[in-house]
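Asker: My file is structure.cif. It has mmCIF, C-alpha atoms:
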```cif
data_query
loop_
_atom_site.group_PDB
_atom_site.id
_atom_site.type_symbol
_atom_site.label_atom_id
_atom_site.label_comp_id
_atom_site.auth_asym_id
_atom_site.auth_seq_id
_atom_site.Cartn_x
_atom_site.Cartn_y
_atom_site.Cartn_z
ATOM 1 C CA MET A 120 10.526 -3.251 16.363
ATOM 2 C CA ALA A 121 12.879 -6.077 17.437
ATOM 3 C CA LYS A 122 11.460 -9.541 18.182
ATOM 4 C CA VAL A 123 12.835 -12.281 20.444
ATOM 5 C CA LYS A 124 14.543 -15.217 18.681
ATOM 6 C CA LEU A 125 14.871 -18.374 20.808
ATOM 7 C CA ASN A 126 15.006 -21.461 18.495
ATOM 8 C CA LEU A 127 14.961 -23.645 21.617
ATOM 9 C CA ASP A 128 13.636 -26.773 19.930
ATOM 10 C CA ARG A 129 16.767 -26.920 17.760
ATOM 11 C CA LEU A 130 19.134 -27.198 20.734
ATOM 12 C CA SER A 131 20.560 -30.370 22.212
ATOM 13 C CA ILE A 132 19.455 -31.084 25.776
ATOM 14 C CA THR A 133 22.825 -29.942 27.155
ATOM 15 C CA ASP A 134 22.665 -26.736 25.099
ATOM 16 C CA LEU A 135 19.054 -26.165 26.181
ATOM 17 C CA ILE A 136 20.059 -26.425 29.845
ATOM 18 C CA GLN A 137 22.962 -24.020 29.236
ATOM 19 C CA ARG A 138 20.766 -21.609 27.273
ATOM 20 C CA GLY A 139 18.152 -21.622 30.031
ATOM 21 C CA THR A 140 20.846 -21.039 32.644
ATOM 22 C CA ASP A 141 22.370 -18.177 30.630
ATOM 23 C CA ILE A 142 18.978 -16.516 30.177
ATOM 24 C CA LYS A 143 18.114 -16.935 33.866
ATOM 25 C CA THR A 144 21.486 -15.415 34.822
ATOM 26 C CA ALA A 145 21.026 -12.510 32.394
ATOM 27 C CA MET A 146 17.493 -11.864 33.692
ATOM 28 C CA THR A 147 18.444 -12.005 37.392
ATOM 29 C CA GLY A 148 18.585 -8.425 38.689
ATOM 30 C CA ASN A 149 18.007 -7.032 35.188
ATOM 31 C CA LEU A 150 16.353 -3.638 35.674
ATOM 32 C CA SER A 151 14.672 -3.797 32.270
ATOM 33 C CA PHE A 152 12.615 -6.818 33.368
ATOM 34 C CA THR A 153 11.609 -6.478 36.999
ATOM 35 C CA THR A 154 8.617 -8.860 37.057
ATOM 36 C CA PRO A 155 9.343 -11.687 34.597
ATOM 37 C CA ILE A 156 6.502 -13.981 33.582
ATOM 38 C CA PRO A 157 7.022 -16.830 34.342
ATOM 39 C CA SER A 158 9.138 -16.139 37.389
ATOM 40 C CA LEU A 159 12.848 -16.890 37.357
ATOM 41 C CA VAL A 160 12.189 -19.317 40.245
ATOM 42 C CA ASN A 161 9.983 -21.369 37.887
ATOM 43 C CA ILE A 162 12.649 -21.191 35.180
ATOM 44 C CA GLY A 163 15.289 -22.323 37.694
ATOM 45 C CA THR A 164 13.107 -25.215 38.839
ATOM 46 C CA ALA A 165 12.537 -26.310 35.222
ATOM 47 C CA ILE A 166 16.287 -26.133 34.539
ATOM 48 C CA THR A 167 17.028 -28.217 37.649
ATOM 49 C CA THR A 168 14.317 -30.735 36.727
ATOM 50 C CA LEU A 169 15.676 -31.110 33.203
ATOM 51 C CA THR A 170 19.273 -31.341 34.459
ATOM 52 C CA THR A 171 18.289 -34.112 36.868
ATOM 53 C CA ALA A 172 16.193 -35.925 34.259
ATOM 54 C CA ASN A 173 19.012 -35.715 31.734
ATOM 55 C CA SER A 174 21.575 -37.000 34.258
ATOM 56 C CA THR A 175 19.272 -39.887 35.143
ATOM 57 C CA TYR A 176 18.754 -40.610 31.471
ATOM 58 C CA GLU A 177 22.471 -40.571 30.747
ATOM 59 C CA SER A 178 23.375 -42.710 33.759
ATOM 60 C CA GLY A 179 20.826 -45.353 32.819
ATOM 61 C CA VAL A 180 19.262 -45.601 36.312
ATOM 62 C CA LEU A 181 15.759 -45.885 34.866
ATOM 63 C CA THR A 182 14.841 -47.828 31.803
ATOM 64 C CA GLN A 183 15.882 -46.180 28.584
ATOM 65 C CA LYS A 184 12.328 -45.542 27.433
ATOM 66 C CA ALA A 185 11.157 -44.059 30.733
ATOM 67 C CA ASN A 186 14.249 -41.848 30.937
ATOM 68 C CA LEU A 187 13.740 -40.600 27.401
ATOM 69 C CA THR A 188 10.083 -39.790 28.047
ATOM 70 C CA ASN A 189 10.932 -38.055 31.324
ATOM 71 C CA ARG A 190 13.726 -36.063 29.703
ATOM 72 C CA ASP A 191 11.625 -35.071 26.695
ATOM 73 C CA ASN A 192 8.684 -34.024 28.879
ATOM 74 C CA SER A 193 11.091 -31.939 30.952
ATOM 75 C CA ALA A 194 12.482 -30.341 27.781
ATOM 76 C CA VAL A 195 8.955 -29.504 26.571
ATOM 77 C CA ALA A 196 8.204 -27.906 29.954
ATOM 78 C CA LEU A 197 11.377 -25.789 29.875
ATOM 79 C CA ILE A 198 10.763 -24.746 26.247
ATOM 80 C CA ALA A 199 7.206 -23.686 27.147
ATOM 81 C CA LEU A 200 8.400 -21.613 30.098
ATOM 82 C CA LEU A 201 11.289 -20.024 28.171
ATOM 83 C CA SER A 202 8.930 -19.245 25.268
ATOM 84 C CA GLN A 203 6.519 -17.589 27.702
ATOM 85 C CA LEU A 204 9.436 -15.653 29.181
ATOM 86 C CA GLY A 205 10.465 -14.632 25.648
ATOM 87 C CA GLY A 206 6.967 -13.213 25.122
ATOM 88 C CA TYR A 207 7.258 -11.269 28.372
ATOM 89 C CA VAL A 208 10.700 -9.909 27.427
ATOM 90 C CA GLU A 209 9.462 -8.882 23.988
ATOM 91 C CA ALA A 210 6.472 -7.033 25.471
ATOM 92 C CA ALA A 211 8.314 -5.507 28.442
ATOM 93 C CA SER A 212 11.244 -4.340 26.290
ATOM 94 C CA GLY A 213 8.961 -2.565 23.842
ATOM 95 C CA GLY A 214 10.985 -4.178 21.061
ATOM 96 C CA ASP A 215 14.244 -2.596 22.251
ATOM 97 C CA GLU A 216 16.975 -4.787 20.758
ATOM 98 C CA VAL A 217 19.532 -3.944 23.462
ATOM 99 C CA LYS A 218 17.095 -4.798 26.247
ATOM 100 C CA ILE A 219 16.159 -8.105 24.595
ATOM 101 C CA GLN A 220 19.833 -9.020 24.300
ATOM 102 C CA SER A 221 20.435 -7.985 27.913
ATOM 103 C CA ALA A 222 18.009 -10.792 28.848
ATOM 104 C CA GLY A 223 20.330 -13.307 27.206
ATOM 105 C CA MET A 224 18.022 -13.696 24.204
ATOM 106 C CA ASP A 225 18.708 -13.262 20.499
ATOM 107 C CA VAL A 226 16.829 -10.866 18.231
ATOM 108 C CA ARG A 227 15.079 -12.058 15.090
ATOM 109 C CA SER A 228 16.411 -10.766 11.808
ATOM 110 C CA ALA A 229 14.124 -8.283 10.084
ATOM 111 C CA LYS A 230 12.297 -9.712 7.085
ATOM 112 C CA ALA A 231 13.561 -8.480 3.769
ATOM 113 C CA PRO A 232 10.935 -6.408 1.974
ATOM 114 C CA PRO A 233 9.332 -8.055 -1.038
ATOM 115 C CA SER A 234 11.303 -7.285 -4.158
ATOM 116 C CA ILE A 235 10.106 -6.022 -7.510
ATOM 117 C CA PRO A 236 11.729 -8.042 -10.290
ATOM 118 C CA SER A 237 13.904 -6.356 -12.875
ATOM 119 C CA GLN A 238 12.804 -5.853 -16.461
ATOM 120 C CA VAL A 239 12.620 -8.771 -18.848
ATOM 121 C CA SER A 240 15.532 -8.825 -21.288
ATOM 122 C CA ASN A 241 16.534 -10.625 -24.465
ATOM 123 C CA LEU A 242 12.996 -11.321 -25.668
ATOM 124 C CA SER A 243 13.200 -13.331 -28.864
ATOM 125 C CA LEU A 244 10.406 -14.502 -31.174
ATOM 126 C CA THR A 245 10.442 -17.339 -33.662
ATOM 127 C CA VAL A 246 7.786 -18.725 -35.986
ATOM 128 C CA GLY A 247 5.776 -21.452 -34.277
ATOM 129 C CA ASP A 248 4.836 -24.894 -35.573
ATOM 130 C CA ASN A 249 1.327 -23.803 -36.639
ATOM 131 C CA ASP A 250 -0.075 -20.913 -38.661
ATOM 132 C CA GLY A 251 -0.582 -17.781 -36.562
ATOM 133 C CA GLU A 252 1.734 -19.011 -33.820
ATOM 134 C CA LEU A 253 4.880 -17.492 -32.316
ATOM 135 C CA ASP A 254 7.330 -18.992 -29.833
ATOM 136 C CA ALA A 255 8.548 -16.399 -27.344
ATOM 137 C CA GLN A 256 11.568 -16.785 -25.093
ATOM 138 C CA TRP A 257 13.446 -14.431 -22.734
ATOM 139 C CA ASP A 258 16.022 -14.445 -19.961
ATOM 140 C CA SER A 259 14.709 -15.689 -16.636
ATOM 141 C CA VAL A 260 14.301 -12.834 -14.115
ATOM 142 C CA PRO A 261 15.372 -13.400 -10.479
ATOM 143 C CA ASN A 262 12.471 -13.042 -7.983
ATOM 144 C CA ALA A 263 9.871 -13.365 -10.761
ATOM 145 C CA LYS A 264 6.947 -15.619 -9.876
ATOM 146 C CA THR A 265 5.071 -15.218 -13.171
ATOM 147 C CA TYR A 266 5.296 -13.375 -16.466
ATOM 148 C CA GLU A 267 2.546 -11.317 -18.120
ATOM 149 C CA ILE A 268 2.532 -11.365 -21.908
ATOM 150 C CA GLN A 269 0.730 -8.973 -24.272
ATOM 151 C CA THR A 270 0.526 -8.806 -28.061
ATOM 152 C CA SER A 271 -0.491 -5.991 -30.388
ATOM 153 C CA PRO A 272 -0.904 -5.730 -34.145
ATOM 154 C CA ASP A 273 0.883 -2.965 -36.005
ATOM 155 C CA PRO A 274 0.480 -0.044 -35.586
ATOM 156 C CA ILE A 275 0.472 0.034 -31.762
ATOM 157 C CA THR A 276 -2.264 2.133 -30.160
ATOM 158 C CA SER A 277 -3.216 2.701 -26.539
ATOM 159 C CA GLY A 278 -5.961 0.055 -26.778
ATOM 160 C CA SER A 279 -4.314 -2.426 -29.138
ATOM 161 C CA TRP A 280 -2.535 -4.568 -26.522
ATOM 162 C CA VAL A 281 -4.178 -7.939 -25.785
ATOM 163 C CA ASN A 282 -3.397 -10.011 -22.679
ATOM 164 C CA LYS A 283 -2.190 -13.556 -23.192
ATOM 165 C CA PRO A 284 -2.182 -16.315 -20.539
ATOM 166 C CA THR A 285 0.279 -15.725 -17.673
ATOM 167 C CA VAL A 286 3.219 -18.159 -17.541
ATOM 168 C CA THR A 287 5.686 -19.205 -14.835
ATOM 169 C CA LYS A 288 8.601 -20.076 -17.138
ATOM 170 C CA SER A 289 10.626 -17.738 -19.324
ATOM 171 C CA LYS A 290 9.048 -18.973 -22.537
ATOM 172 C CA ALA A 291 5.596 -19.257 -24.082
ATOM 173 C CA VAL A 292 3.759 -20.346 -27.217
ATOM 174 C CA LEU A 293 1.492 -17.598 -28.544
ATOM 175 C CA PRO A 294 -1.239 -19.135 -30.760
ATOM 176 C CA GLY A 295 -4.157 -17.488 -32.557
ATOM 177 C CA LEU A 296 -2.252 -14.553 -34.051
ATOM 178 C CA PRO A 297 -3.090 -13.174 -37.511
ATOM 179 C CA SER A 298 -0.873 -14.873 -40.127
ATOM 180 C CA GLY A 299 1.272 -12.796 -42.438
ATOM 181 C CA THR A 300 1.119 -9.577 -40.374
ATOM 182 C CA ARG A 301 3.521 -7.903 -38.025
ATOM 183 C CA VAL A 302 2.814 -8.602 -34.332
ATOM 184 C CA ASN A 303 4.399 -6.801 -31.382
ATOM 185 C CA VAL A 304 5.035 -8.696 -28.140
ATOM 186 C CA ARG A 305 5.921 -7.414 -24.690
ATOM 187 C CA VAL A 306 6.574 -9.310 -21.444
ATOM 188 C CA ARG A 307 6.848 -8.123 -17.862
ATOM 189 C CA ALA A 308 7.820 -10.006 -14.709
ATOM 190 C CA VAL A 309 5.612 -10.225 -11.616
ATOM 191 C CA GLY A 310 7.139 -10.838 -8.173
ATOM 192 C CA SER A 311 6.070 -10.731 -4.537
ATOM 193 C CA GLY A 312 6.767 -7.004 -4.415
ATOM 194 C CA GLY A 313 4.932 -6.075 -7.590
ATOM 195 C CA ILE A 314 5.320 -5.841 -11.338
ATOM 196 C CA THR A 315 8.351 -4.836 -13.378
ATOM 197 C CA PRO A 316 8.199 -1.056 -13.884
#
```
Kindly return the structure encoded in the file as structure tokens.

Answerer:
Amino acid sequence: MAKVKLNLDRLSITDLIQRGTDIKTAMTGNLSFTTPIPSLVNIGTAITTLTTANSTYESGVLTQKANLTNRDNSAVALIALLSQLGGYVEAASGGDEVKIQSAGMDVRSAKAPPSIPSQVSNLSLTVGDNDGELDAQWDSVPNAKTYEIQTSPDPITSGSWVNKPTVTKSKAVLPGLPSGTRVNVRVRAVGSGGITP
């Protein structure tokens, strides 16, 4: 379902006035939105108030500080009304992208689904600095938040794998292994969407 995207607080005052005017124009007589909340009269009044406050600010009739406060308060008021109108449009349109755009509003981009990281590759093991210690290293996996490491003595059985502490980097020191025996190591990446298959 489409959502309204306004980003009003990122606009300059002139662009905010223009955006409000464009939305008001697009909403006027729009059959998809027959009873806007707030009313287009209120939107028009807020646009006029901000336009006047901005003109006064730019002409320097009032003191700079008072003009800035007046202009900023007017901008906050227009943003609040346009945000409320965006909520109305989103609800009244039922998430219909075309209807939202017909109101002069943008549609938010859909969030990308969380991704499952690819398999770990190029795992290499070297003898560590201490007895019973291995240094493991592998290629970093995009979208991986952590890595799960397991070790198993030879021969591998269904219950022989032992979990080691999870790491966030693509390397780890594996202490406490039996010296002089073959040890198997496997690593899998964990991301926001799950674990490497």

Asker: Which polymer residues, whether protein, DNA or RNA, lie within 8 Å of the coordinate (17.2, -17.7, 26.8) when you count all atoms listed in the file? List them as a list of chain:residue names, using the chain letters and numbers from the file.

Answerer: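 Result, sorted by chain then residue number: A:Leu125, A:Arg138, A:Gly139, A:Thr140, A:Asp141, A:Ile142, A:Lys143, A:Leu201, A:Gly205, A:Ala222, A:Gly223, A:Met224, A:Asp225.
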
Asker: May I ask which of the residues A:Asn126, A:Thr147, A:Gln183, A:Ser240 is the closest one to Ser259 (chain A), counting all atoms listed in the file?

Answerer: A:Ser240

Asker: Write out as a VMD selection string each polymer residue whose atoms come within 7 Å of Ile314 (chain A), counting all atoms listed in the file; drop sequence neighbours fewer than 4 positions from it.

Answerer: chain A and resid 235 to 236 308 to 310

Asker: Those same residues - C-alpha atoms - I'd like them written as a compact mmCIF listing (two decimals), keeping the file's coordinate frame.

Answerer:
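Output contents, as saved in part18.txt:
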```txt
# COMPACT_ATOMS: atom_id res chain seq x y z
CA ILE A 235 10.11 -6.02 -7.51
CA PRO A 236 11.73 -8.04 -10.29
CA ALA A 308 7.82 -10.01 -14.71
CA VAL A 309 5.61 -10.22 -11.62
CA GLY A 310 7.14 -10.84 -8.17
```

Asker: Out of A:Arg305, A:Lys264, A:Arg129, A:Lys124, which residue has the shortest atom-to-atom distance to Ala194 (chain A) when counting only C-alpha atoms?

Answerer: A:Arg129

Asker: Quick one: distance from CA of Val306 (chain A) to CA of Glu267 (chain A) in Å, one decimal?

Answerer: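 That distance, rounded to one decimal, is 5.6 Å.
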
Asker: Where does the PyMOL selection byres ((chain A and resi 282-293) around 8) land in this file, that is, which residues does it pick, as a list in words?

Answerer: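 Checked against the file, the PyMOL selection byres ((chain A and resi 282-293) around 8) matches Gly247, Glu252, Leu253, Asp254, Ala255, Gln256, Trp257, Asp258, Ser259, Lys264, Thr265, Tyr266, Glu267, Ile268, Gln269, Thr270, Trp280, Val281, Pro294, Gly295 and Leu296 of chain A.
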
Asker: Would you mind reading off the distance between CA of Thr315 (chain A) and CA of Ile275 (chain A), one decimal, in Å?

Answerer: 20.6 Å

Asker: Near Ala199 (chain A), within 12 Å and counting all atoms listed in the file, which residues show up once chain neighbours fewer than 4 positions away are dropped, as a PyMOL selection string?

Answerer: chain A and resi 125-128+139+156-157+161-162+165-166+192-195+203-206

Asker: So the first atom is CA of Ser243 (chain A) and the second is CA of Val302 (chain A); what is the distance between them in Å, to one decimal place?

Answerer: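 Between CA of Ser243 (chain A) and CA of Val302 (chain A) the gap works out to 12.7 Å.
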